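Enquirer: This is the structure I have questions about; it appears just below.
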Amino acid sequence: MIRFLKQLILLALFLQACGGTSASLPTLQPASLPTPTLTPSHTPSPFTQTPLPSATSTPALNVARVLIVSFDGLRPDAIQAAEMTTVMSLMQNGAYTLNAQTIVPSLTLPSHTSMLVGTCPAKHIVRWNEYVPENGYALGTDIFDLANNAGLRTVMVAGKEKLRQVTEPSSTDFFGFVDSTDKVNDIISLETMAIEEIRKGFDLMFLHFPDGDLAGHADGWMSNEQLLA
């Protein structure tokens with residue numbers, strides 16, 4: 001009987017522990033985390049557009065006339081070797097280059113034609129190097145054409161007659177040559193002819209000195225004879 005009562009009490013305790021109303025556990029509320037505030041380490045400055053430089057007009061050059069001088073056969077290193085002080089003075093007070101190259105082969109007539117027309121022999125078709133009137137004149141618009149069409153006075157004074165074929169006679173108001181190789185006794189020197197035309201006035205003048213080229217062929221390039229020419 002006592003044993004039965006003990007079992008009954010244990011069963012009651014068991015039922016109370018397992019089936020009875022248990023104390024409610026507190027609900028765990030997660031700790032509220034602070035809302036992060038993103039603060040940039042560097043506050044960018046407001047965008048400002050860099051103003052573009054305003055275009056300025058290039059002032060017109062006050063050029064009264066143009067004189068083109070050709071020293072036929074002149075190499076760049078001969079300028080100082082021959083003590084060409086006037087040329088060196090022009091270089092010091094203006095723009096120049098010693099790296100310009102002519103056509104190949106560097107014959108007088110085709111080379112000067114390319115210089116004054118601005119194209120290669122394949123376009124201006126002057127490949128001969130003698131005065132051959134039946135071949136006509138260089139093709140293309142040369143500097144004398146442009147000046148003549150603008151109503152300017154054009155002059156060419158040359159040391160070789162073949163330079164006549166660089167441009168048509170109608171494009172030059174005066175063409176004169178003094179060729180020391182044509183076995184003709186000239187009554188005037190090349191320098192005197194050039195001075196007379198300068199005194200008459202011109203807008204575009206081309207002056208060609210042949211002595212350096214003639215001496216180079218006869219006595220050798222950079223020879224004393226050529227440097228003195």
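Identifiers in the structure tokens: chain A, B, ... in order shown; residue index from 1 per chain; ligand index from 1 in order shown.
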Once DSSP has gone over the backbone, tell me which residues of stretch 51-86 of chain A are in alpha helix (DSSP H), as number ranges by chain.

Expert: A: 78-81, 85-86

Enquirer: Using only C-alpha atoms, please write the residues we just selected to a file, as a PDB file, in the first residue's frame.

Expert:
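Result went into again_35.pdb, see below:
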```pdb
ATOM      1  CA  ALA A  78      78.410  74.629 -97.613  1.00  0.00           C
ATOM      2  CA  ILE A  79      76.684  77.672 -96.093  1.00  0.00           C
ATOM      3  CA  GLN A  80      79.088  77.889 -93.171  1.00  0.00           C
ATOM      4  CA  ALA A  81      82.062  76.449 -95.048  1.00  0.00           C
ATOM      5  CA  THR A  85      77.363  85.647 -93.933  1.00  0.00           C
ATOM      6  CA  THR A  86      74.262  87.180 -95.529  1.00  0.00           C
TER       7      THR A  86
END
```

Enquirer: Counting only C-alpha atoms, which residue out of A:Pro76, A:Ala194, A:Leu228, A:Thr119 sits closest to A:Thr97?

Expert: A:Pro76

Enquirer: Just asking: which residues within stretch 84-198 of chain A are strand (DSSP E or B) according to DSSP, as JSON, numbers by chain?

Expert: {"A": [154, 155, 156, 157, 158, 174, 175, 176, 177]}

Enquirer: Tell me, as a list in words, which residues lie within 9 Å of stretch 133-136 of chain A, counting only C-alpha atoms; anything in the same chain fewer than 4 positions away does not count.

Expert: Val126, Trp128, Lys162, Arg164, Gln165 and Glu168 of chain A

Enquirer: Considering only C-alpha atoms, can you say which of A:Ser171, A:Leu163, A:His124, A:Gly212 comes closest to A:Ala150?

Expert: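 The closest residue to A:Ala150 is A:Ser171.
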